[in-house]
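Undergrad: Contents of protein.cif (mmCIF, C-alpha atoms) are given next:
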data_run
loop_
_atom_site.label_atom_id
_atom_site.label_comp_id
_atom_site.auth_asym_id
_atom_site.auth_seq_id
_atom_site.Cartn_x
_atom_site.Cartn_y
_atom_site.Cartn_z
CA MET A 1 -11.08 -20.28 9.95
CA SER A 2 -9.31 -21.56 13.02
CA ASN A 3 -9.53 -18.27 14.93
CA GLU A 4 -13.29 -18.23 15.01
CA ILE A 5 -16.04 -19.79 17.00
CA THR A 6 -19.26 -20.53 15.26
CA SER A 7 -22.40 -19.31 16.94
CA PRO A 8 -25.99 -19.82 15.81
CA THR A 9 -26.10 -16.23 14.59
CA GLY A 10 -22.88 -16.37 12.60
CA THR A 11 -19.22 -16.17 13.48
CA GLU A 12 -17.24 -13.94 15.77
CA PRO A 13 -13.57 -13.23 15.42
CA VAL A 14 -11.47 -14.17 18.41
CA ALA A 15 -8.16 -12.77 17.24
CA ASP A 16 -7.52 -9.05 17.64
CA ARG A 17 -7.43 -8.39 13.95
CA PRO A 18 -10.23 -6.27 12.54
CA VAL A 19 -12.47 -7.88 9.96
CA VAL A 20 -13.87 -5.70 7.23
CA SER A 21 -16.62 -6.59 4.81
CA PRO A 22 -15.52 -5.66 1.29
CA ALA A 23 -17.84 -4.09 -1.28
CA VAL A 24 -19.09 -6.79 -3.63
CA ASP A 25 -21.05 -6.95 -6.87
CA VAL A 26 -22.84 -10.12 -7.94
CA TYR A 27 -23.80 -10.65 -11.56
CA GLU A 28 -25.39 -13.54 -13.38
CA ASN A 29 -25.87 -14.71 -16.92
CA GLN A 30 -26.85 -18.06 -18.41
CA GLU A 31 -23.32 -19.43 -18.06
CA GLU A 32 -22.22 -18.33 -14.61
CA LEU A 33 -22.45 -16.26 -11.47
CA LEU A 34 -19.80 -13.56 -11.34
CA ILE A 35 -18.68 -12.12 -8.00
CA VAL A 36 -16.58 -8.95 -8.10
CA ALA A 37 -15.00 -7.75 -4.84
CA ASP A 38 -12.89 -4.71 -3.96
CA LEU A 39 -9.87 -6.05 -2.04
CA PRO A 40 -7.29 -3.24 -2.14
CA GLY A 41 -3.89 -4.24 -0.77
CA VAL A 42 -4.56 -7.97 -1.07
CA THR A 43 -2.14 -10.10 -3.10
CA THR A 44 -2.70 -13.58 -4.53
CA ASP A 45 -0.58 -14.94 -1.66
CA SER A 46 -2.77 -13.32 0.98
CA LEU A 47 -6.09 -14.25 -0.58
CA SER A 48 -8.04 -17.42 0.02
CA VAL A 49 -11.27 -18.54 -1.58
CA ASP A 50 -12.79 -21.67 -0.05
CA LEU A 51 -15.90 -23.62 -0.89
CA GLU A 52 -17.18 -25.91 1.83
CA GLU A 53 -20.50 -27.51 0.95
CA ASP A 54 -22.51 -24.50 -0.15
CA ARG A 55 -20.51 -21.89 1.80
CA LEU A 56 -18.13 -19.82 -0.26
CA THR A 57 -15.69 -17.87 1.93
CA ILE A 58 -13.44 -15.12 0.63
CA VAL A 59 -10.68 -13.95 2.99
CA GLY A 60 -8.03 -11.41 2.07
CA ARG A 61 -5.34 -10.59 4.60
CA ARG A 62 -3.97 -7.12 4.44
CA LYS A 63 -0.64 -6.06 5.89
CA ALA A 64 -0.16 -3.01 8.08
CA LEU A 65 1.07 0.06 6.21
CA CYS A 66 3.57 0.92 8.92
CA THR A 67 5.14 -0.45 12.08
CA GLU A 68 3.34 -0.11 15.43
CA ASP A 69 5.52 2.76 16.64
CA THR A 70 5.21 4.96 13.54
CA PRO A 71 3.09 8.03 14.31
CA VAL A 72 -0.18 7.89 12.36
CA LEU A 73 -1.47 11.36 11.53
CA MET A 74 -4.63 10.27 9.79
CA GLY A 75 -6.56 7.08 9.16
CA GLY A 76 -5.51 3.67 10.44
CA GLY A 77 -2.79 1.85 8.57
CA ARG A 78 -3.38 -1.27 10.69
CA ALA A 79 -3.46 -4.80 9.40
CA PHE A 80 -6.92 -6.27 8.90
CA ASP A 81 -8.79 -8.99 7.06
CA PHE A 82 -11.36 -8.61 4.35
CA LYS A 83 -13.96 -11.34 4.73
CA ARG A 84 -17.18 -12.25 3.02
CA VAL A 85 -19.23 -15.45 3.06
CA PHE A 86 -21.80 -16.42 0.43
CA THR A 87 -24.24 -19.29 0.12
CA VAL A 88 -23.76 -20.75 -3.33
CA PRO A 89 -26.69 -22.38 -5.15
CA ASP A 90 -26.52 -26.10 -6.04
CA ALA A 91 -26.45 -25.29 -9.70
CA ILE A 92 -22.80 -24.20 -9.50
CA ASP A 93 -20.11 -26.55 -10.79
CA ALA A 94 -17.60 -26.31 -7.92
CA ASP A 95 -14.78 -27.89 -9.93
CA LYS A 96 -14.87 -25.14 -12.51
CA ILE A 97 -14.76 -22.10 -10.21
CA SER A 98 -12.00 -19.72 -11.28
CA ALA A 99 -10.64 -16.51 -9.80
CA GLU A 100 -8.48 -13.63 -10.93
CA LEU A 101 -7.10 -10.75 -8.90
CA LYS A 102 -6.04 -7.54 -10.58
CA SER A 103 -5.37 -4.08 -9.11
CA GLY A 104 -7.05 -5.07 -5.85
CA VAL A 105 -10.23 -6.30 -7.54
CA LEU A 106 -11.20 -9.98 -7.37
CA GLN A 107 -13.28 -11.54 -10.13
CA LEU A 108 -14.71 -14.89 -9.17
CA HIS A 109 -16.38 -16.96 -11.88
CA LEU A 110 -18.85 -19.59 -10.70
CA PRO A 111 -20.00 -21.57 -13.76
CA ARG A 112 -23.33 -23.36 -13.73
CA HIS A 113 -23.54 -27.10 -14.16
CA GLU A 114 -24.31 -28.11 -17.70
CA ARG A 115 -27.59 -29.60 -16.53
CA ALA A 116 -28.54 -26.34 -14.81
CA LYS A 117 -28.14 -24.20 -17.88
CA PRO A 118 -31.37 -23.00 -19.39
CA ARG A 119 -32.28 -24.94 -22.47
CA ARG A 120 -34.82 -24.34 -25.14
CA ILE A 121 -36.64 -27.44 -26.31
CA ALA A 122 -37.22 -27.68 -30.00
CA ILE A 123 -40.79 -28.58 -30.80
CA ARG A 124 -41.38 -30.81 -33.75
CA SER A 125 -44.69 -30.94 -35.44
CA ALA A 126 -46.39 -34.32 -35.01
CA SER A 127 -47.88 -34.44 -38.42
CA MET B 128 1.05 25.08 10.18
CA TRP B 129 0.01 22.85 13.03
CA MET B 130 -3.28 24.68 13.42
CA THR B 131 -4.21 23.99 9.82
CA TRP B 132 -3.41 20.36 10.30
CA ASN B 133 -5.27 20.01 13.57
CA ASP B 134 -8.42 21.53 12.12
CA PHE B 135 -8.36 19.12 9.28
CA ASP B 136 -7.55 16.22 11.55
CA ARG B 137 -10.53 16.94 13.79
CA HIS B 138 -12.75 17.22 10.77
CA PHE B 139 -11.53 13.89 9.50
CA ALA B 140 -11.84 12.21 12.89
CA ALA B 141 -15.48 13.27 13.15
CA ILE B 142 -16.30 11.80 9.77
CA ASP B 143 -14.33 8.70 10.58
CA THR B 144 -16.24 8.21 13.82
CA LEU B 145 -19.54 8.69 12.03
CA ARG B 146 -18.52 6.23 9.35
CA ARG B 147 -17.51 3.64 11.93
CA GLU B 148 -20.83 4.10 13.71
CA MET B 149 -22.65 3.53 10.47
CA GLU B 150 -20.49 0.51 9.70
CA ARG B 151 -21.30 -0.97 13.06
CA SER B 152 -25.03 -0.49 12.64
CA THR B 153 -25.13 -1.73 9.07
CA SER B 154 -22.70 -4.62 9.42
CA ARG B 155 -25.25 -6.53 11.48
CA ALA B 156 -27.62 -6.34 8.55
CA GLY B 157 -24.87 -7.89 6.43
CA ARG B 158 -24.37 -4.83 4.30
CA SER B 159 -21.15 -3.37 3.05
CA ARG B 160 -19.14 -0.82 4.97
CA ASN B 161 -18.44 1.05 1.78
CA LEU B 162 -20.65 4.05 2.40
CA GLY B 163 -20.45 7.25 0.47
CA ARG B 164 -17.41 8.42 -1.35
CA TRP B 165 -14.95 9.03 1.40
CA PRO B 166 -11.76 7.18 0.48
CA GLU B 167 -9.85 5.02 2.93
CA ALA B 168 -6.74 7.13 3.44
CA THR B 169 -3.80 6.91 5.82
CA LEU B 170 -0.99 9.33 6.56
CA VAL B 171 2.00 8.37 8.67
CA ASP B 172 5.09 10.29 9.75
CA GLU B 173 8.25 8.22 9.30
CA GLY B 174 10.56 10.99 10.47
CA GLU B 175 12.35 12.00 7.30
CA ARG B 176 9.24 11.53 5.19
CA PHE B 177 5.47 11.23 5.25
CA VAL B 178 3.79 8.25 3.67
CA PHE B 179 0.29 8.76 2.32
CA ALA B 180 -1.78 5.76 1.24
CA VAL B 181 -5.27 5.53 -0.19
CA ASP B 182 -7.36 2.58 -1.39
CA VAL B 183 -8.20 2.87 -5.07
CA PRO B 184 -9.17 -0.66 -6.16
CA GLY B 185 -9.38 -1.20 -9.91
CA LEU B 186 -7.65 2.05 -10.84
CA THR B 187 -4.76 2.48 -13.26
CA ASP B 188 -2.20 5.30 -13.46
CA ASP B 189 -4.46 7.16 -15.90
CA ASP B 190 -7.24 7.43 -13.33
CA LEU B 191 -5.08 9.30 -10.81
CA THR B 192 -3.31 12.63 -10.52
CA ILE B 193 -0.93 13.57 -7.72
CA ASP B 194 0.27 17.12 -7.14
CA VAL B 195 2.62 18.45 -4.50
CA HIS B 196 2.95 22.15 -3.84
CA ASN B 197 4.88 23.41 -0.80
CA SER B 198 3.33 21.35 1.97
CA THR B 199 0.09 20.48 0.22
CA LEU B 200 -0.62 17.15 -1.41
CA THR B 201 -3.56 16.98 -3.80
CA VAL B 202 -4.84 13.67 -5.17
CA THR B 203 -7.65 13.14 -7.64
CA ALA B 204 -9.15 9.80 -8.59
CA HIS B 205 -12.08 8.55 -10.57
CA ARG B 206 -13.61 5.16 -11.14
CA THR B 207 -16.60 4.02 -13.09
CA VAL B 208 -18.31 0.75 -12.28
CA ALA B 209 -20.63 -0.80 -14.86
CA ALA B 210 -22.28 -4.21 -14.99
CA PRO B 211 -20.52 -6.45 -17.53
CA GLU B 212 -22.46 -6.78 -20.74
CA GLY B 213 -25.02 -9.55 -20.87
CA TYR B 214 -25.16 -10.03 -17.10
CA ALA B 215 -28.07 -9.36 -14.76
CA THR B 216 -27.16 -7.54 -11.55
CA HIS B 217 -27.99 -9.18 -8.22
CA ARG B 218 -25.95 -7.00 -5.95
CA SER B 219 -24.22 -3.74 -6.62
CA GLU B 220 -22.17 -2.42 -3.72
CA ARG B 221 -19.07 -1.31 -5.59
CA THR B 222 -19.62 2.30 -6.49
CA GLY B 223 -17.93 4.55 -8.95
CA PHE B 224 -16.33 7.65 -7.51
CA GLU B 225 -14.72 10.89 -8.44
CA TRP B 226 -12.94 12.80 -5.75
CA LYS B 227 -10.28 15.39 -5.19
CA LYS B 228 -8.62 15.59 -1.81
CA SER B 229 -6.05 18.07 -0.54
CA PHE B 230 -3.96 17.43 2.53
CA THR B 231 -1.85 20.06 4.24
CA LEU B 232 1.16 18.35 5.74
CA PRO B 233 2.82 19.66 8.90
CA ALA B 234 6.17 20.18 7.13
CA LYS B 235 7.50 21.40 3.79
CA ILE B 236 7.98 18.73 1.15
CA ASP B 237 10.76 18.20 -1.38
CA SER B 238 8.60 17.78 -4.47
CA GLU B 239 11.59 16.51 -6.50
CA GLN B 240 11.89 13.49 -4.26
CA THR B 241 8.20 12.65 -4.10
CA ARG B 242 7.50 9.14 -5.35
CA ALA B 243 4.23 7.32 -5.93
CA THR B 244 3.45 3.65 -6.49
CA LEU B 245 0.20 1.92 -7.36
CA GLU B 246 0.09 -1.72 -6.30
CA GLU B 247 -2.85 -4.04 -5.69
CA GLY B 248 -5.22 -1.11 -5.81
CA VAL B 249 -3.42 0.94 -3.15
CA LEU B 250 -1.79 4.25 -4.04
CA VAL B 251 1.22 5.03 -1.85
CA VAL B 252 2.89 8.44 -2.01
CA SER B 253 6.25 8.97 -0.32
CA LEU B 254 6.81 12.64 0.59
CA VAL B 255 10.33 13.50 1.72
CA LYS B 256 10.56 16.46 4.07
CA LEU B 257 12.84 19.35 3.13
CA PRO B 258 16.16 19.31 5.04
CA GLU B 259 15.09 22.06 7.43
CA ALA B 260 12.03 20.01 8.38
CA GLN B 261 13.97 16.79 9.06
CA PRO B 262 14.06 15.57 12.64
CA ARG B 263 17.31 16.37 14.36
CA ARG B 264 18.85 15.19 17.58
CA ILE B 265 20.63 17.92 19.45
CA THR B 266 23.83 16.94 21.18
CA ILE B 267 24.53 18.74 24.41
CA ALA B 268 27.73 20.69 24.19
#
Now that the file is in, can you turn its structure into structure tokens?

TA:
Amino acid sequence: MSNEITSPTGTEPVADRPVVSPAVDVYENQEELLIVADLPGVTTDSLSVDLEEDRLTIVGRRKALCTEDTPVLMGGGRAFDFKRVFTVPDAIDADKISAELKSGVLQLHLPRHERAKPRRIAIRSAS
Amino acid sequence: MWMTWNDFDRHFAAIDTLRREMERSTSRAGRSRNLGRWPEATLVDEGERFVFAVDVPGLTDDDLTIDVHNSTLTVTAHRTVAAPEGYATHRSERTGFEWKKSFTLPAKIDSEQTRATLEEGVLVVSLVKLPEAQPRRITIA
């Protein structure tokens, strides 16, 4: 992200746009890692998923619900960004990552490399 | 009418402040802000109507009810979150919820003209004020 400076402890936003950490579930089976994130109000156009080396960054930009001068009686209604960064294990096949966004919920499939899949070795008798 | 609203508003503000405090303290530990079951809700006054919005990611029309009576809006929502079959769970921050919230608006609402949309997991309810509650500019005779 261009509006951030990297510090040894992480990153700090420079722009005056709040950053919110979305609720995320992480599941795993023998085929893949599955990341599920709540990103209400985020569209496919305002969502980015980037993998840089082993850093997977999910950013969803959310529009304001109203203009600046509309009286807000409750809550916020301001624009903000959802952001979450994960370290992805080597065993993931980066070329095969796929994502779907439905009703404000992102499902991110991170398939394992073929070589990283668990394998049972058949044992033949040596008789 | 305004008293009812103000009481509720104060109540909400206190919870909101507490939630933000908790977010601040937990965000450093890298945890989610999604604490408890309080929904992210917004209410704005656009003059001729109020617009109410609440985050309900993953919900469909069937999971929501919206009722308007006089100046009270009542919304119910429920969500269940279960691990997909055959997967082990590493992290489970997305919670199911079931809530019912009533909001007393500071003006009477035309229930016939109330409209609701559900897009990208955000429910938006447009509540048109009754004619007598519409803002009016008085010309000086």

Undergrad: If we count all atoms listed in the file, which residues of chain B reach to within 7 Å of chain A? Please list them as a list of chain:residue names.

TA: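 So the residues of chain B near chain A are B:Asp136, B:Ser159, B:Arg160, B:Asn161, B:Ala168, B:Thr169, B:Leu170, B:Val171, B:Asp172, B:Glu173, B:Asp182, B:Val183, B:Pro184, B:Gly185, B:Leu186, B:Gly213, B:Tyr214, B:Ala215, B:Thr216, B:His217, B:Arg218, B:Ser219, B:Glu220, B:Arg221, B:Glu246, B:Glu247, B:Gly248, B:Val249.
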
Undergrad: Can you write just those residues out, C-alpha atoms, as a CSV table (one decimal), in the frame of the given file?

TA:
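As a result, out_7.csv now contains:
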chain,number,residue,atom,x,y,z
B,136,ASP,CA,-7.6,16.2,11.6
B,159,SER,CA,-21.2,-3.4,3.0
B,160,ARG,CA,-19.1,-0.8,5.0
B,161,ASN,CA,-18.4,1.0,1.8
B,168,ALA,CA,-6.7,7.1,3.4
B,169,THR,CA,-3.8,6.9,5.8
B,170,LEU,CA,-1.0,9.3,6.6
B,171,VAL,CA,2.0,8.4,8.7
B,172,ASP,CA,5.1,10.3,9.8
B,173,GLU,CA,8.2,8.2,9.3
B,182,ASP,CA,-7.4,2.6,-1.4
B,183,VAL,CA,-8.2,2.9,-5.1
B,184,PRO,CA,-9.2,-0.7,-6.2
B,185,GLY,CA,-9.4,-1.2,-9.9
B,186,LEU,CA,-7.6,2.0,-10.8
B,213,GLY,CA,-25.0,-9.6,-20.9
B,214,TYR,CA,-25.2,-10.0,-17.1
B,215,ALA,CA,-28.1,-9.4,-14.8
B,216,THR,CA,-27.2,-7.5,-11.6
B,217,HIS,CA,-28.0,-9.2,-8.2
B,218,ARG,CA,-26.0,-7.0,-6.0
B,219,SER,CA,-24.2,-3.7,-6.6
B,220,GLU,CA,-22.2,-2.4,-3.7
B,221,ARG,CA,-19.1,-1.3,-5.6
B,246,GLU,CA,0.1,-1.7,-6.3
B,247,GLU,CA,-2.8,-4.0,-5.7
B,248,GLY,CA,-5.2,-1.1,-5.8
B,249,VAL,CA,-3.4,0.9,-3.2

Undergrad: Going by the chain IDs and residue numbers used in this file, which residues fall under the PyMOL selection byres ((chain A and resi 94-99) around 9)? Write them as a PyMOL selection string.

TA: chain A and resi 49+51+92-93+100-101+106-113

Undergrad: Can you tell me how far CA of Gly174 in chain B sits from CA of Thr244 in chain B, in Å to one decimal?

TA: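 Rounded to one decimal, the two atoms are 19.8 Å apart.
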
Undergrad: State, in Å with one decimal place, the distance from CA of Leu232 in chain B to CA of Asp81 in chain A.

TA: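 We find that CA of Leu232 in chain B and CA of Asp81 in chain A lie 29.1 Å from each other.
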
Undergrad: How many Å separate CA of Thr187 in chain B from CA of Ser229 in chain B?

TA: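 We find that CA of Thr187 in chain B and CA of Ser229 in chain B lie 20.2 Å from each other.
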
Undergrad: Can you translate the PyMOL selection byres ((chain B and resi 193-195) around 12) into the concrete residues it hits in this file, as a PyMOL selection string?

TA: chain B and resi 179-181+188-192+196-204+227-232+235-245+250-256

Undergrad: Let me make sure I understand: among B:Glu175, B:Thr207, B:Phe224, B:Glu167, which one has the smallest atom-to-atom distance to Glu259 in chain B if we use only C-alpha atoms?

TA: B:Glu175

Undergrad: Given the file shown, determine the residues that the PyMOL selection byres ((chain A and resi 48) around 7) selects; report them as a PyMOL selection string.

TA: chain A and resi 46-47+49-50+58-60

Undergrad: So which one's closest to Gln261 in chain B, B:Glu212, B:Thr222, B:His205, B:Ala234? Using only C-alpha atoms, please.

TA: B:Ala234

Undergrad: Working from the structure I just supplied, which lacks atoms in range 58-92 of chain A, can you model N, CA and C atoms there and output them as a PDB file, in the frame of the given file?

TA:
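Wrote selection-v8.pdb, looks like this:
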ATOM      1  N   ILE A  58     -14.551 -15.889   1.206  1.00  0.00           N
ATOM      2  CA  ILE A  58     -13.440 -15.120   0.630  1.00  0.00           C
ATOM      3  C   ILE A  58     -12.749 -14.400   1.785  1.00  0.00           C
ATOM      4  N   VAL A  59     -11.445 -14.647   1.950  1.00  0.00           N
ATOM      5  CA  VAL A  59     -10.680 -13.950   2.990  1.00  0.00           C
ATOM      6  C   VAL A  59      -9.423 -13.357   2.360  1.00  0.00           C
ATOM      7  N   GLY A  60      -9.232 -12.082   2.547  1.00  0.00           N
ATOM      8  CA  GLY A  60      -8.030 -11.410   2.070  1.00  0.00           C
ATOM      9  C   GLY A  60      -7.328 -10.766   3.251  1.00  0.00           C
ATOM     10  N   ARG A  61      -6.087 -11.159   3.475  1.00  0.00           N
ATOM     11  CA  ARG A  61      -5.340 -10.590   4.600  1.00  0.00           C
ATOM     12  C   ARG A  61      -4.547  -9.392   4.092  1.00  0.00           C
ATOM     13  N   ARG A  62      -4.644  -8.334   4.855  1.00  0.00           N
ATOM     14  CA  ARG A  62      -3.970  -7.120   4.440  1.00  0.00           C
ATOM     15  C   ARG A  62      -2.941  -6.701   5.478  1.00  0.00           C
ATOM     16  N   LYS A  63      -1.731  -6.421   4.995  1.00  0.00           N
ATOM     17  CA  LYS A  63      -0.640  -6.060   5.890  1.00  0.00           C
ATOM     18  C   LYS A  63      -0.825  -4.645   6.430  1.00  0.00           C
ATOM     19  N   ALA A  64      -0.183  -4.373   7.547  1.00  0.00           N
ATOM     20  CA  ALA A  64      -0.160  -3.010   8.080  1.00  0.00           C
ATOM     21  C   ALA A  64       0.679  -2.133   7.152  1.00  0.00           C
ATOM     22  N   LEU A  65       0.326  -0.854   7.073  1.00  0.00           N
ATOM     23  CA  LEU A  65       1.070   0.060   6.210  1.00  0.00           C
ATOM     24  C   LEU A  65       2.355   0.547   6.888  1.00  0.00           C
ATOM     25  N   CYS A  66       2.400   0.428   8.206  1.00  0.00           N
ATOM     26  CA  CYS A  66       3.570   0.920   8.920  1.00  0.00           C
ATOM     27  C   CYS A  66       3.757   0.102  10.188  1.00  0.00           C
ATOM     28  N   THR A  67       4.888   0.260  10.831  1.00  0.00           N
ATOM     29  CA  THR A  67       5.140  -0.450  12.080  1.00  0.00           C
ATOM     30  C   THR A  67       4.323   0.195  13.207  1.00  0.00           C
ATOM     31  N   GLU A  68       4.172  -0.550  14.291  1.00  0.00           N
ATOM     32  CA  GLU A  68       3.340  -0.110  15.430  1.00  0.00           C
ATOM     33  C   GLU A  68       3.746   1.263  15.967  1.00  0.00           C
ATOM     34  N   ASP A  69       5.066   1.528  15.973  1.00  0.00           N
ATOM     35  CA  ASP A  69       5.520   2.760  16.640  1.00  0.00           C
ATOM     36  C   ASP A  69       5.622   3.968  15.704  1.00  0.00           C
ATOM     37  N   THR A  70       5.197   3.815  14.446  1.00  0.00           N
ATOM     38  CA  THR A  70       5.210   4.960  13.540  1.00  0.00           C
ATOM     39  C   THR A  70       4.000   5.854  13.832  1.00  0.00           C
ATOM     40  N   PRO A  71       4.244   7.171  14.023  1.00  0.00           N
ATOM     41  CA  PRO A  71       3.090   8.030  14.310  1.00  0.00           C
ATOM     42  C   PRO A  71       2.128   8.084  13.115  1.00  0.00           C
ATOM     43  N   VAL A  72       0.857   7.819  13.396  1.00  0.00           N
ATOM     44  CA  VAL A  72      -0.180   7.890  12.360  1.00  0.00           C
ATOM     45  C   VAL A  72      -0.898   9.214  12.505  1.00  0.00           C
ATOM     46  N   LEU A  73      -0.850  10.039  11.470  1.00  0.00           N
ATOM     47  CA  LEU A  73      -1.470  11.360  11.530  1.00  0.00           C
ATOM     48  C   LEU A  73      -2.930  11.325  11.109  1.00  0.00           C
ATOM     49  N   MET A  74      -3.272  10.336  10.310  1.00  0.00           N
ATOM     50  CA  MET A  74      -4.630  10.270   9.790  1.00  0.00           C
ATOM     51  C   MET A  74      -4.929   8.837   9.385  1.00  0.00           C
ATOM     52  N   GLY A  75      -6.160   8.414   9.596  1.00  0.00           N
ATOM     53  CA  GLY A  75      -6.560   7.080   9.160  1.00  0.00           C
ATOM     54  C   GLY A  75      -6.016   5.999  10.085  1.00  0.00           C
ATOM     55  N   GLY A  76      -5.883   4.789   9.578  1.00  0.00           N
ATOM     56  CA  GLY A  76      -5.510   3.670  10.440  1.00  0.00           C
ATOM     57  C   GLY A  76      -4.148   3.094  10.116  1.00  0.00           C
ATOM     58  N   GLY A  77      -4.053   2.472   8.955  1.00  0.00           N
ATOM     59  CA  GLY A  77      -2.790   1.850   8.570  1.00  0.00           C
ATOM     60  C   GLY A  77      -2.558   0.506   9.230  1.00  0.00           C
ATOM     61  N   ARG A  78      -3.549   0.024  10.001  1.00  0.00           N
ATOM     62  CA  ARG A  78      -3.380  -1.270  10.690  1.00  0.00           C
ATOM     63  C   ARG A  78      -3.667  -2.433   9.749  1.00  0.00           C
ATOM     64  N   ALA A  79      -3.164  -3.582  10.137  1.00  0.00           N
ATOM     65  CA  ALA A  79      -3.460  -4.800   9.400  1.00  0.00           C
ATOM     66  C   ALA A  79      -4.902  -5.207   9.675  1.00  0.00           C
ATOM     67  N   PHE A  80      -5.572  -5.745   8.680  1.00  0.00           N
ATOM     68  CA  PHE A  80      -6.920  -6.270   8.900  1.00  0.00           C
ATOM     69  C   PHE A  80      -7.226  -7.324   7.863  1.00  0.00           C
ATOM     70  N   ASP A  81      -8.367  -7.975   8.037  1.00  0.00           N
ATOM     71  CA  ASP A  81      -8.790  -8.990   7.060  1.00  0.00           C
ATOM     72  C   ASP A  81     -10.067  -8.533   6.374  1.00  0.00           C
ATOM     73  N   PHE A  82     -10.099  -8.723   5.062  1.00  0.00           N
ATOM     74  CA  PHE A  82     -11.360  -8.610   4.350  1.00  0.00           C
ATOM     75  C   PHE A  82     -12.013  -9.987   4.426  1.00  0.00           C
ATOM     76  N   LYS A  83     -13.307 -10.026   4.691  1.00  0.00           N
ATOM     77  CA  LYS A  83     -13.960 -11.340   4.730  1.00  0.00           C
ATOM     78  C   LYS A  83     -15.412 -11.228   4.275  1.00  0.00           C
ATOM     79  N   ARG A  84     -15.796 -12.210   3.486  1.00  0.00           N
ATOM     80  CA  ARG A  84     -17.180 -12.250   3.020  1.00  0.00           C
ATOM     81  C   ARG A  84     -17.572 -13.712   2.804  1.00  0.00           C
ATOM     82  N   VAL A  85     -18.761 -14.066   3.221  1.00  0.00           N
ATOM     83  CA  VAL A  85     -19.230 -15.450   3.060  1.00  0.00           C
ATOM     84  C   VAL A  85     -20.526 -15.442   2.254  1.00  0.00           C
ATOM     85  N   PHE A  86     -20.600 -16.315   1.263  1.00  0.00           N
ATOM     86  CA  PHE A  86     -21.800 -16.420   0.430  1.00  0.00           C
ATOM     87  C   PHE A  86     -22.338 -17.846   0.479  1.00  0.00           C
ATOM     88  N   THR A  87     -23.641 -17.969   0.319  1.00  0.00           N
ATOM     89  CA  THR A  87     -24.240 -19.290   0.120  1.00  0.00           C
ATOM     90  C   THR A  87     -24.397 -19.464  -1.384  1.00  0.00           C
ATOM     91  N   VAL A  88     -23.794 -20.532  -1.880  1.00  0.00           N
ATOM     92  CA  VAL A  88     -23.760 -20.750  -3.330  1.00  0.00           C
ATOM     93  C   VAL A  88     -24.860 -21.740  -3.715  1.00  0.00           C
ATOM     94  N   PRO A  89     -25.638 -21.445  -4.732  1.00  0.00           N
ATOM     95  CA  PRO A  89     -26.690 -22.380  -5.150  1.00  0.00           C
ATOM     96  C   PRO A  89     -26.115 -23.703  -5.669  1.00  0.00           C
ATOM     97  N   ASP A  90     -26.919 -24.760  -5.587  1.00  0.00           N
ATOM     98  CA  ASP A  90     -26.520 -26.100  -6.040  1.00  0.00           C
ATOM     99  C   ASP A  90     -26.065 -26.123  -7.489  1.00  0.00           C
ATOM    100  N   ALA A  91     -26.663 -25.241  -8.260  1.00  0.00           N
ATOM    101  CA  ALA A  91     -26.450 -25.290  -9.700  1.00  0.00           C
ATOM    102  C   ALA A  91     -25.029 -24.953 -10.129  1.00  0.00           C
ATOM    103  N   ILE A  92     -24.174 -24.586  -9.166  1.00  0.00           N
ATOM    104  CA  ILE A  92     -22.800 -24.200  -9.500  1.00  0.00           C
ATOM    105  C   ILE A  92     -21.894 -25.439  -9.593  1.00  0.00           C
TER     106      ILE A  92
END
